[in-house]
Amino acid sequence: MPRDGELTGGCGCGRVRWRAKGPVLHRVHCHCVLCRKGSGAILVPWLTVERAEFAWTGERPAFYRSSAKGERSFCPVCGTKLTFTHDDSPDHIDLALGSLDDVEAGYPLDQIHGESRVAWLAVDPNLPFRSGHAPTRPTANPQPLTRDERLEGGCLCGAFRYAVTGPPLESGLCHCSMCRRATGGLAMGWAIWPRDRYRDNDGPTAAWAASAYGDRLFCPTCGASVICSSTAQPELIEVLLGGLDDPHALAPEAHGFAADAPSWLAMDDRRPRWPGPPNEGLPDDTLLRGRG
Ligand SMILES: [Zn+2]
Ligand SMILES: [Zn+2]
Ligand SMILES: [Zn+2]
């Protein structure tokens, strides 16, 4: 058990662990492209603490320099996204919300990089955008993809690239704890295509067998989660929507595992909210209303 005022977290496979003491200096939802492409999630909330109050307690993570001054860490075995540091703020470290053991402790208080917010994402409408960070696109759902429409995407460093053609068979936003850990973020958008509607450049991937159902693939260089494969249905492939070059072009149909979302998260949209897998159980409108 963490002590009072202490945060603990780590990766999905348990190798990399961290421990940090408060106070938490900033709590933000980041909508920037680097966070989205680097995670595979649609949204990455971060908690900032003093670097001196932070320590790695398990095995060391892998690091990727995502910009001239920014560095991200992830587990080289399972791909969990963990931390962000910036050379201009050497005394601070940002903790990826999805890597926290207790996500209830991670509630954000404001939002940044609204200019990159995915247009169909209506998240926490009562949380302000920081000055100069307001969304520039109105909230809007795109038209369904046509049969020949092609979407491209890839990891943050660009080594792994893929393309999908036509509308997906199924799509959703997953709130389960495994998707949260893997991406370090929230609202893991996914969509499934038949393999023959999918191509990739055979770029490098590392695979993590997260469950008996299939593998989660991520880039071994930048750590970005990109696709998932299914053991039972090898003819299908699941693409993480955060990696799309144009994430505004495809809106997922429903929320899945909504019962596992943090209680503070408000998703202000009209998508069906399934407590478990999409189309199982009864949709529940009381989920994801946030703190009000
Ligand atoms: Zn791991
Ligand atoms: Zn960001
Ligand atoms: Zn990469």
# chains A, B, ... in the order shown; residues from 1 in each chain; ligands from 1

call {"tool": "residues_near_ligand", "arguments": {"ligand": "ligand 1", "cutoff": "10 Å", "atoms": "only C-alpha atoms and all ligand atoms", "output": "PyMOL selection string"}}
result
chain A and resi 10-17+59-61+74-82+181-182+208

call {"tool": "write_last_selection", "arguments": {"atoms": "C-alpha atoms", "output": "mmCIF file, in the first residue's frame"}}
result
data_model
loop_
_atom_site.group_PDB
_atom_site.id
_atom_site.type_symbol
_atom_site.label_atom_id
_atom_site.label_comp_id
_atom_site.auth_asym_id
_atom_site.auth_seq_id
_atom_site.Cartn_x
_atom_site.Cartn_y
_atom_site.Cartn_z
ATOM 1 C CA GLY A 10 4.229 0.802 -13.186
ATOM 2 C CA CYS A 11 3.829 -1.191 -16.325
ATOM 3 C CA GLY A 12 1.415 -3.940 -17.302
ATOM 4 C CA CYS A 13 3.935 -6.779 -17.035
ATOM 5 C CA GLY A 14 5.163 -5.598 -13.622
ATOM 6 C CA ARG A 15 8.858 -5.235 -14.497
ATOM 7 C CA VAL A 16 9.041 -1.438 -14.365
ATOM 8 C CA ARG A 17 7.727 0.233 -11.223
ATOM 9 C CA GLU A 59 13.628 -2.611 -13.702
ATOM 10 C CA ARG A 60 14.612 0.404 -15.796
ATOM 11 C CA PRO A 61 12.336 1.500 -18.657
ATOM 12 C CA PHE A 74 8.036 3.026 -21.643
ATOM 13 C CA CYS A 75 8.447 -0.606 -20.643
ATOM 14 C CA PRO A 76 10.539 -2.357 -23.327
ATOM 15 C CA VAL A 77 8.730 -5.658 -22.652
ATOM 16 C CA CYS A 78 5.018 -4.740 -22.464
ATOM 17 C CA GLY A 79 5.050 -1.236 -23.969
ATOM 18 C CA THR A 80 3.340 0.592 -21.087
ATOM 19 C CA LYS A 81 3.897 4.331 -21.389
ATOM 20 C CA LEU A 82 5.265 5.748 -18.124
ATOM 21 C CA ARG A 181 -1.795 0.671 -18.797
ATOM 22 C CA ALA A 182 -0.601 -0.148 -22.295
ATOM 23 C CA TRP A 208 3.200 -8.272 -25.675
#

call {"tool": "residues_near_ligand", "arguments": {"ligand": "ligand 2", "cutoff": "12 Å", "atoms": "only C-alpha atoms and all ligand atoms", "output": "VMD selection string"}}
result
chain A and resid 28 to 39 41 to 47 66 to 67 70 to 72 83 to 86 94 to 96 111 to 117 133 184 to 185

call {"tool": "residues_around", "arguments": {"residues": "Val24 of chain A", "least_positions_apart": "4", "cutoff": "12 Å", "atoms": "only C-alpha atoms", "output": "count of residues only"}}
result
22

call {"tool": "residues_near_ligand", "arguments": {"ligand": "ligand 3", "cutoff": "9 Å", "atoms": "only C-alpha atoms and all ligand atoms", "output": "MDAnalysis selection string"}}
result
chainID A and resid 38 154:161 203:205 218:225

call {"tool": "write_last_selection", "arguments": {"atoms": "C-alpha atoms", "output": "short mmCIF file (atom, residue, chain, number, x, y, z; two decimals), in the first residue's frame"}}
result
data_model
loop_
_atom_site.label_atom_id
_atom_site.label_comp_id
_atom_site.auth_asym_id
_atom_site.auth_seq_id
_atom_site.Cartn_x
_atom_site.Cartn_y
_atom_site.Cartn_z
CA GLY A 38 3.33 8.19 -28.75
CA GLY A 154 1.86 4.73 -37.59
CA CYS A 155 4.01 5.09 -34.53
CA LEU A 156 5.50 8.31 -33.24
CA CYS A 157 9.01 7.79 -34.67
CA GLY A 158 7.59 6.72 -38.06
CA ALA A 159 9.36 3.36 -38.28
CA PHE A 160 6.06 1.44 -38.30
CA ARG A 161 3.43 2.57 -40.82
CA GLY A 203 8.31 -2.05 -39.73
CA PRO A 204 9.69 -3.22 -36.40
CA THR A 205 7.19 -4.17 -33.68
CA PHE A 218 4.17 -1.51 -30.07
CA CYS A 219 7.18 0.17 -31.64
CA PRO A 220 10.37 -0.94 -29.87
CA THR A 221 12.01 2.44 -30.60
CA CYS A 222 9.38 5.01 -29.59
CA GLY A 223 7.10 2.74 -27.56
CA ALA A 224 3.90 3.73 -29.36
CA SER A 225 1.11 1.13 -29.16
#

call {"tool": "closest_residue", "arguments": {"among": "A:Tyr198, A:Tyr162, A:Tyr64, A:Phe129", "to": "Asp110 of chain A", "atoms": "only C-alpha atoms"}}
result
A:Phe129

call {"tool": "atom_distance", "arguments": {"atom1": "atom CA of Glu170 of chain A", "atom2": "atom CA of Pro194 of chain A"}}
result
10.3 Å

call {"tool": "residues_around", "arguments": {"residues": "segment 136-144 of chain A", "least_positions_apart": "3", "cutoff": "6 Å", "atoms": "only C-alpha atoms", "output": "count of residues only"}}
result
4

call {"tool": "atom_distance", "arguments": {"atom1": "atom CA of Glu253 of chain A", "atom2": "atom CA of Pro272 of chain A"}}
result
7.6 Å

call {"tool": "select_by_dssp", "arguments": {"residues": "segment 56-277 of chain A", "states": "alpha helix (DSSP H)", "output": "ChimeraX atom specification"}}
result
/A:177-183

call {"tool": "select_by_dssp", "arguments": {"residues": "segment 99-254 of chain A", "states": "strand (DSSP E or B)", "output": "ChimeraX atom specification"}}
result
/A:100,110-112,123,129,150-154,161-165,170-174,186,188-194,198-200,206-211,214-218,225-230,236-240,244,254

call {"tool": "write_last_selection", "arguments": {"atoms": "C-alpha atoms", "output": "mmCIF file, in the first residue's frame"}}
result
data_model
loop_
_atom_site.group_PDB
_atom_site.id
_atom_site.type_symbol
_atom_site.label_atom_id
_atom_site.label_comp_id
_atom_site.auth_asym_id
_atom_site.auth_seq_id
_atom_site.Cartn_x
_atom_site.Cartn_y
_atom_site.Cartn_z
ATOM 1 C CA LEU A 100 -0.918 4.792 -11.917
ATOM 2 C CA ASP A 110 -7.282 21.466 -16.739
ATOM 3 C CA GLN A 111 -6.491 20.718 -20.383
ATOM 4 C CA ILE A 112 -3.718 21.673 -22.808
ATOM 5 C CA VAL A 123 -14.182 14.954 -22.769
ATOM 6 C CA PHE A 129 -8.403 24.769 -21.288
ATOM 7 C CA ARG A 150 -7.986 4.995 -47.060
ATOM 8 C CA LEU A 151 -6.585 5.998 -43.674
ATOM 9 C CA GLU A 152 -2.906 5.918 -42.822
ATOM 10 C CA GLY A 153 -1.172 5.864 -39.499
ATOM 11 C CA GLY A 154 1.861 4.726 -37.594
ATOM 12 C CA ARG A 161 3.429 2.575 -40.822
ATOM 13 C CA TYR A 162 0.103 1.104 -41.886
ATOM 14 C CA ALA A 163 -2.946 1.830 -44.023
ATOM 15 C CA VAL A 164 -6.543 0.616 -43.789
ATOM 16 C CA THR A 165 -9.210 0.889 -46.458
ATOM 17 C CA GLU A 170 -16.506 -2.505 -35.453
ATOM 18 C CA SER A 171 -15.043 0.330 -33.396
ATOM 19 C CA GLY A 172 -15.095 1.645 -29.870
ATOM 20 C CA LEU A 173 -13.419 3.489 -27.031
ATOM 21 C CA CYS A 174 -12.024 1.086 -24.464
ATOM 22 C CA LEU A 186 -7.417 7.207 -21.468
ATOM 23 C CA MET A 188 -8.181 3.929 -26.145
ATOM 24 C CA GLY A 189 -9.921 4.247 -29.496
ATOM 25 C CA TRP A 190 -9.879 1.061 -31.577
ATOM 26 C CA ALA A 191 -11.326 -0.205 -34.821
ATOM 27 C CA ILE A 192 -11.266 -3.650 -36.424
ATOM 28 C CA TRP A 193 -10.704 -4.384 -40.112
ATOM 29 C CA PRO A 194 -10.420 -7.622 -42.055
ATOM 30 C CA TYR A 198 -5.009 -3.649 -43.929
ATOM 31 C CA ARG A 199 -1.385 -3.181 -45.037
ATOM 32 C CA ASP A 200 1.772 -2.248 -43.155
ATOM 33 C CA ALA A 206 7.481 -5.720 -30.250
ATOM 34 C CA ALA A 207 4.579 -7.940 -29.175
ATOM 35 C CA TRP A 208 3.200 -8.272 -25.675
ATOM 36 C CA ALA A 209 0.830 -11.188 -25.048
ATOM 37 C CA ALA A 210 -1.406 -9.190 -22.735
ATOM 38 C CA SER A 211 -3.952 -12.016 -22.462
ATOM 39 C CA GLY A 214 -4.097 -11.809 -28.455
ATOM 40 C CA ASP A 215 -1.002 -9.634 -28.670
ATOM 41 C CA ARG A 216 -0.550 -5.905 -28.268
ATOM 42 C CA LEU A 217 2.063 -4.602 -30.679
ATOM 43 C CA PHE A 218 4.168 -1.513 -30.068
ATOM 44 C CA SER A 225 1.114 1.127 -29.157
ATOM 45 C CA VAL A 226 -0.111 0.600 -32.716
ATOM 46 C CA ILE A 227 -2.114 -2.577 -33.398
ATOM 47 C CA CYS A 228 -3.504 -5.676 -31.688
ATOM 48 C CA SER A 229 -3.857 -9.162 -33.103
ATOM 49 C CA SER A 230 -6.467 -11.739 -32.049
ATOM 50 C CA LEU A 236 -8.960 -9.579 -38.235
ATOM 51 C CA ILE A 237 -6.703 -6.768 -37.085
ATOM 52 C CA GLU A 238 -7.356 -4.072 -34.503
ATOM 53 C CA VAL A 239 -5.875 -0.623 -35.076
ATOM 54 C CA LEU A 240 -5.406 1.919 -32.267
ATOM 55 C CA LEU A 244 -4.004 7.638 -37.260
ATOM 56 C CA ALA A 254 -19.508 3.072 -28.513
#

call {"tool": "atom_distance", "arguments": {"atom1": "atom CA of Gly276 of chain A", "atom2": "atom CA of Ala261 of chain A"}}
result
10.8 Å

call {"tool": "closest_residue", "arguments": {"among": "A:Ala266, A:Ala68, A:Leu127, A:Cys176", "to": "Gly98 of chain A", "atoms": "only C-alpha atoms"}}
result
A:Cys176

call {"tool": "closest_residue", "arguments": {"among": "A:Asp91, A:Leu250, A:Thr57, A:Ala122", "to": "Thr146 of chain A", "atoms": "only C-alpha atoms"}}
result
A:Leu250

call {"tool": "closest_residue", "arguments": {"among": "A:Pro278, A:Trp18, A:Gly242, A:Leu25", "to": "Ser99 of chain A", "atoms": "only C-alpha atoms"}}
result
A:Trp18

call {"tool": "closest_residue", "arguments": {"among": "A:Arg130, A:Asp101, A:Asp196, A:Pro125", "to": "Ser177 of chain A", "atoms": "only C-alpha atoms"}}
result
A:Asp101
